[in-house]
$ cat final31.txt   # compact mmCIF, C-alpha atoms
# COMPACT_ATOMS: atom_id res chain seq x y z
CA ILE A 1 -10.78 9.80 7.79
CA LEU A 2 -14.31 8.57 8.13
CA LYS A 3 -16.96 11.23 8.69
CA ASP A 4 -20.49 10.53 9.83
CA ALA A 5 -23.65 12.56 9.27
CA ALA A 6 -23.06 14.42 12.55
CA GLU A 7 -19.63 15.51 11.27
CA HIS A 8 -17.62 13.27 13.64
CA ASN A 9 -14.19 12.62 12.15
CA ILE A 10 -12.72 9.20 12.82
CA VAL A 11 -9.04 9.04 11.96
CA ILE A 12 -7.69 5.58 11.17
CA TRP A 13 -4.00 5.39 10.33
CA ILE A 14 -3.30 3.09 7.39
CA GLY A 15 -0.43 2.47 5.00
CA LYS A 16 0.16 4.60 1.93
CA ALA A 17 -0.59 1.75 -0.48
CA GLU A 18 -3.94 1.05 1.17
CA ALA A 19 -4.74 4.77 1.27
CA MET A 20 -4.02 5.05 -2.45
CA THR A 21 -6.27 2.04 -3.14
CA ILE A 22 -9.10 3.73 -1.26
CA ALA A 23 -8.46 7.13 -2.87
CA GLU A 24 -8.33 5.58 -6.36
CA GLY A 25 -11.58 3.73 -5.68
CA LEU A 26 -13.32 6.86 -4.40
CA ASN A 27 -12.14 8.80 -7.43
CA GLU A 28 -12.91 5.97 -9.88
CA ILE A 29 -9.32 5.72 -11.06
CA SER A 30 -8.09 2.34 -12.29
CA PRO A 31 -5.07 1.13 -10.35
CA GLN A 32 -1.67 0.97 -12.02
CA ARG A 33 -1.46 -2.56 -10.67
CA PRO A 34 -3.97 -4.47 -8.58
CA MET A 35 -3.51 -4.61 -4.82
CA ALA A 36 -4.79 -7.19 -2.32
CA ALA A 37 -8.15 -5.45 -2.06
CA HIS A 38 -8.60 -5.69 -5.85
CA LEU A 39 -7.81 -9.41 -5.67
CA MET A 40 -10.40 -9.90 -2.92
CA ALA A 41 -13.00 -7.84 -4.80
CA ASN A 42 -12.41 -9.95 -7.91
CA VAL A 43 -12.66 -13.19 -5.90
CA PHE A 44 -15.95 -11.97 -4.41
CA LYS A 45 -17.30 -11.15 -7.86
CA ALA A 46 -16.11 -14.44 -9.40
CA THR A 47 -17.59 -16.59 -6.62
CA GLY A 48 -20.82 -14.68 -6.07
CA ILE A 49 -19.88 -13.61 -2.56
CA GLN A 50 -21.53 -10.32 -1.62
CA LEU A 51 -19.97 -7.82 0.73
CA ALA A 52 -22.97 -6.82 2.84
CA GLU A 53 -21.20 -4.26 5.01
CA VAL A 54 -18.00 -3.22 6.71
CA ARG A 55 -17.96 -2.26 10.37
CA ILE A 56 -15.24 -0.51 12.31
CA ALA A 57 -16.21 -2.51 15.35
CA THR A 58 -13.80 -1.89 18.20
CA LEU A 59 -10.92 0.23 19.41
CA LYS A 60 -8.42 -1.43 21.75
CA HIS A 61 -5.28 0.35 22.90
CA GLU A 62 -5.86 2.96 20.17
CA ILE A 63 -5.93 0.24 17.47
CA PHE A 64 -9.07 -0.09 15.35
CA TYR A 65 -10.52 -3.49 14.46
CA ALA A 66 -12.93 -4.11 11.61
CA ILE A 67 -15.41 -6.78 10.59
CA ILE A 68 -16.56 -7.55 7.08
CA LYS A 69 -19.98 -9.13 6.73
CA VAL A 70 -20.36 -11.32 3.65
CA ARG A 71 -23.27 -13.25 2.14
CA HIS A 72 -22.98 -16.38 0.08
CA ASN A 73 -25.64 -18.93 -0.83
CA GLY A 74 -28.05 -17.52 1.74
CA THR A 75 -25.54 -17.63 4.59
CA GLU A 76 -23.94 -14.64 6.31
CA HIS A 77 -20.46 -14.67 7.80
CA GLU A 78 -18.61 -12.07 9.82
CA ILE A 79 -14.85 -11.99 9.28
CA ASP A 80 -12.27 -10.04 11.27
CA ALA A 81 -10.19 -7.69 9.12
CA ARG A 82 -7.74 -4.85 9.29
CA PRO A 83 -9.60 -1.57 8.84
CA SER A 84 -7.51 -0.68 5.78
CA ASP A 85 -8.43 -3.95 4.04
CA ALA A 86 -12.08 -3.68 5.02
CA LEU A 87 -12.38 -0.05 3.93
CA SER A 88 -10.61 -0.74 0.62
CA LEU A 89 -12.95 -3.62 -0.09
CA ALA A 90 -16.01 -1.54 0.83
CA VAL A 91 -14.95 1.23 -1.54
CA LEU A 92 -14.20 -1.19 -4.40
CA LEU A 93 -17.47 -3.10 -3.95
CA ASN A 94 -19.58 -0.05 -3.02
CA ALA A 95 -20.62 -1.54 0.33
CA PRO A 96 -21.82 0.47 3.33
CA ILE A 97 -19.36 1.34 6.10
CA PHE A 98 -20.53 1.51 9.70
CA VAL A 99 -18.72 2.61 12.85
CA SER A 100 -19.74 1.33 16.28
CA THR A 101 -21.48 3.74 18.60
CA GLU A 102 -18.77 3.23 21.21
CA ILE A 103 -16.09 4.45 18.81
CA ILE A 104 -18.16 7.46 17.77
CA GLU A 105 -18.73 8.32 21.44
CA TYR A 106 -15.04 7.89 22.21
CA VAL A 107 -14.04 10.13 19.32
CA SER A 108 -16.68 12.70 20.34
CA ASN A 109 -15.26 12.67 23.87
CA ALA A 110 -11.74 13.02 22.45
CA THR A 111 -12.69 16.25 20.74
CA THR A 112 -14.14 17.66 23.95
CA GLY A 113 -11.07 16.71 25.97
CA ARG A 114 -12.62 13.91 28.04
CA ALA A 115 -10.50 11.22 26.40
CA THR A 116 -7.35 11.08 24.35
CA ILE A 117 -6.97 9.88 20.83
CA PRO A 118 -4.25 11.04 18.45
CA LEU A 119 -6.03 13.29 15.96
CA THR A 120 -3.23 15.09 14.15
CA GLU A 121 -2.85 16.43 10.64
CA TYR A 122 -4.07 14.59 7.56
CA THR A 123 -3.92 14.95 3.81
CA ASP A 124 -6.99 15.02 1.59
CA VAL A 125 -6.26 12.72 -1.32
CA GLY A 126 -8.25 13.71 -4.37
CA ARG A 127 -7.97 12.84 -8.05
CA GLU A 128 -5.16 15.33 -8.76
CA ALA A 129 -3.15 14.15 -5.74
CA ILE A 130 -3.44 10.53 -6.90
CA LEU A 131 -2.30 11.35 -10.42
CA GLN A 132 0.59 13.44 -9.05
CA ALA A 133 1.61 10.62 -6.70
CA ARG A 134 1.61 8.21 -9.64
CA GLU A 135 3.77 10.58 -11.67
CA ASP A 136 6.17 11.03 -8.74
CA THR A 137 6.40 7.27 -8.22
CA THR A 138 7.03 6.69 -11.92
CA THR A 139 9.78 9.32 -11.95
CA GLU A 140 11.43 7.79 -8.86
CA LEU A 141 11.26 4.30 -10.38
CA GLN A 142 12.77 5.56 -13.64
CA LYS A 143 15.64 7.15 -11.69
CA LEU A 144 16.16 3.94 -9.73
CA ILE A 145 16.17 1.82 -12.89
CA ALA A 146 18.61 4.21 -14.57
CA SER A 147 20.94 4.12 -11.57
CA LEU A 148 20.74 0.32 -11.45
CA GLY A 149 21.56 0.21 -15.15
CA GLN A 150 24.53 2.51 -14.58
CA SER A 151 25.69 0.40 -11.64
CA ALA A 152 25.40 -2.77 -13.71
CA ALA A 153 27.29 -1.17 -16.61
CA HIS A 154 30.00 0.06 -14.23
CA ALA A 155 30.31 -3.40 -12.63
CA GLU A 156 30.49 -5.04 -16.06
CA LYS A 157 33.19 -2.57 -17.15
CA GLU A 158 35.20 -3.32 -13.99
CA GLU A 159 34.81 -7.06 -14.60
CA ARG A 160 36.05 -6.68 -18.20
CA GLU A 161 39.01 -4.62 -16.97
CA LYS A 162 39.88 -7.30 -14.39
CA ALA A 163 39.67 -10.01 -17.04
CA LYS A 164 41.85 -7.93 -19.36
CA GLN A 165 44.46 -7.40 -16.61
CA GLN A 166 44.36 -11.14 -15.86
CA LEU A 167 44.99 -11.98 -19.52
CA ILE A 168 47.86 -9.49 -19.67
CA ALA A 169 49.39 -10.98 -16.51
CA GLU A 170 49.07 -14.50 -17.95
CA TRP A 171 50.58 -13.40 -21.26
CA LYS A 172 53.54 -11.78 -19.44
CA GLU A 173 54.03 -14.93 -17.40
CA GLU A 174 54.08 -17.04 -20.58
CA ARG A 175 56.62 -14.69 -22.18
CA LYS A 176 58.91 -15.01 -19.15
CA LYS A 177 58.76 -18.79 -19.38
CA GLN A 178 59.61 -18.71 -23.09
CA GLN A 179 62.66 -16.52 -22.53

$ encode --input "final31.txt" --output "structure tokens"
Amino acid sequence: ILKDAAEHNIVIWIGKAEAMTIAEGLNEISPQRPMAAHLMANVFKATGIQLAEVRIATLKHEIFYAIIKVRHNGTEHEIDARPSDALSLAVLLNAPIFVSTEIIEYVSNATTGRATIPLTEYTDVGREAILQAREDTTTELQKLIASLGQSAAHAEKEEREKAKQQLIAEWKEERKKQQ
């Protein structure tokens, strides 16, 4: 949710991974593993590219479109981007975020009933929520790894039992031939 000085809320639906990247950046928490936005931020830093600004530029069929404005060697470029990528990059590189007047007007009209935009419930993701989500993810991964280990052990046991039964069958067959 982006909020401007006039308290307009602009809800942009993004994926959980991108939301966590933004929340971690806002709360100055190092990621457990780098995401695409971290890669881009590191490429910008390594090459001297500056992220001048991020703009949520248009809304078409209730889908937001963003533009990132970059500077390099005295030249500015505007690049189309998904809002989630643009916002993540802005947070990681501490760049300003702007929203077009048309979108702000549309959202303002949506809250007064003159237009429709899906503004439903949201979750505020603060430092504690991020750390809890990490703990939950770690626990789930540990359970998955344990179950995979158990499945592999069970499959290996079945394979050994099959091999054992095959050897017994072959031994019995040999004994019949010898008699």

$ atom_distance --input "final31.txt" --atom1 "CA of Phe98 in chain A" --atom2 "CA of His77 in chain A"
16.3 Å

$ atom_distance --input "final31.txt" --atom1 "CA of Leu141 in chain A" --atom2 "CA of Val91 in chain A"
27.8 Å

$ residues_around --input "final31.txt" --residues "Leu92 in chain A" --least-positions-apart "5" --cutoff "12 Å" --atoms "only C-alpha atoms" --output "MDAnalysis selection string"
chainID A and resid 18 21:31 34:42 44:45 51 54 85:87 97

$ residues_around --input "final31.txt" --residues "Ile103 in chain A" --least-positions-apart "2" --cutoff "8 Å" --atoms "all atoms listed in the file" --output "PyMOL selection string"
chain A and resi 57-59+99-101+105-107

$ closest_residue --input "final31.txt" --among "A:Ile145, A:Ala19, A:Trp13, A:Pro96" --to "Tyr65 in chain A" --atoms "all atoms listed in the file"
A:Trp13

$ closest_residue --input "final31.txt" --among "A:Lys157, A:Lys3, A:Arg55, A:Lys69" --to "Ser84 in chain A" --atoms "only C-alpha atoms"
A:Arg55

$ atom_distance --input "final31.txt" --atom1 "CA of Phe64 in chain A" --atom2 "CA of Ala81 in chain A"
9.9 Å

$ closest_residue --input "final31.txt" --among "A:His72, A:Arg160, A:Ala17, A:Ala169" --to "Ile130 in chain A" --atoms "all atoms listed in the file"
A:Ala17

$ closest_residue --input "final31.txt" --among "A:Ala155, A:Gln165, A:Glu135, A:Ser108" --to "Asn9 in chain A" --atoms "all atoms listed in the file"
A:Ser108

$ decode --input "final31.txt" --residues "range 11-32 of chain A" --atoms "N, CA and C atoms" --output "compact mmCIF listing (two decimals), in the first residue's frame"
# COMPACT_ATOMS: atom_id res chain seq x y z
N VAL A 11 -3.51 0.71 -3.36
CA VAL A 11 -3.26 -0.71 -3.14
C VAL A 11 -2.77 -1.33 -4.44
N ILE A 12 -1.60 -1.94 -4.39
CA ILE A 12 -1.04 -2.63 -5.55
C ILE A 12 -0.78 -4.06 -5.11
N TRP A 13 -1.46 -5.00 -5.74
CA TRP A 13 -1.29 -6.41 -5.40
C TRP A 13 0.01 -6.92 -5.99
N ILE A 14 0.83 -7.53 -5.13
CA ILE A 14 2.10 -8.10 -5.58
C ILE A 14 2.27 -9.47 -4.93
N GLY A 15 3.26 -10.20 -5.38
CA GLY A 15 3.52 -11.52 -4.82
C GLY A 15 4.11 -11.45 -3.43
N LYS A 16 4.00 -12.56 -2.71
CA LYS A 16 4.50 -12.61 -1.34
C LYS A 16 6.01 -12.39 -1.28
N ALA A 17 6.74 -12.98 -2.21
CA ALA A 17 8.21 -12.84 -2.20
C ALA A 17 8.60 -11.38 -2.39
N GLU A 18 7.94 -10.70 -3.33
CA GLU A 18 8.25 -9.29 -3.56
C GLU A 18 7.84 -8.44 -2.36
N ALA A 19 6.70 -8.78 -1.76
CA ALA A 19 6.25 -8.05 -0.57
C ALA A 19 7.26 -8.20 0.57
N MET A 20 7.78 -9.41 0.73
CA MET A 20 8.77 -9.64 1.79
C MET A 20 10.06 -8.86 1.50
N THR A 21 10.46 -8.79 0.23
CA THR A 21 11.66 -8.01 -0.13
C THR A 21 11.46 -6.55 0.26
N ILE A 22 10.30 -6.01 -0.06
CA ILE A 22 10.00 -4.62 0.29
C ILE A 22 9.95 -4.44 1.81
N ALA A 23 9.25 -5.34 2.49
CA ALA A 23 9.12 -5.23 3.95
C ALA A 23 10.49 -5.35 4.62
N GLU A 24 11.32 -6.28 4.15
CA GLU A 24 12.66 -6.41 4.72
C GLU A 24 13.47 -5.14 4.50
N GLY A 25 13.37 -4.58 3.30
CA GLY A 25 14.09 -3.35 3.00
C GLY A 25 13.64 -2.19 3.87
N LEU A 26 12.33 -2.06 4.03
CA LEU A 26 11.79 -0.97 4.86
C LEU A 26 12.19 -1.12 6.32
N ASN A 27 12.33 -2.37 6.76
CA ASN A 27 12.69 -2.64 8.15
C ASN A 27 14.18 -2.90 8.34
N GLU A 28 14.96 -2.68 7.30
CA GLU A 28 16.42 -2.85 7.33
C GLU A 28 16.83 -4.23 7.85
N ILE A 29 16.17 -5.25 7.30
CA ILE A 29 16.49 -6.63 7.63
C ILE A 29 17.18 -7.25 6.43
N SER A 30 18.33 -7.87 6.65
CA SER A 30 19.04 -8.53 5.56
C SER A 30 18.23 -9.74 5.10
N PRO A 31 18.19 -9.94 3.78
CA PRO A 31 17.41 -11.08 3.29
C PRO A 31 18.09 -12.40 3.62
N GLN A 32 17.27 -13.47 3.75
CA GLN A 32 17.86 -14.79 3.96
C GLN A 32 18.62 -15.21 2.72
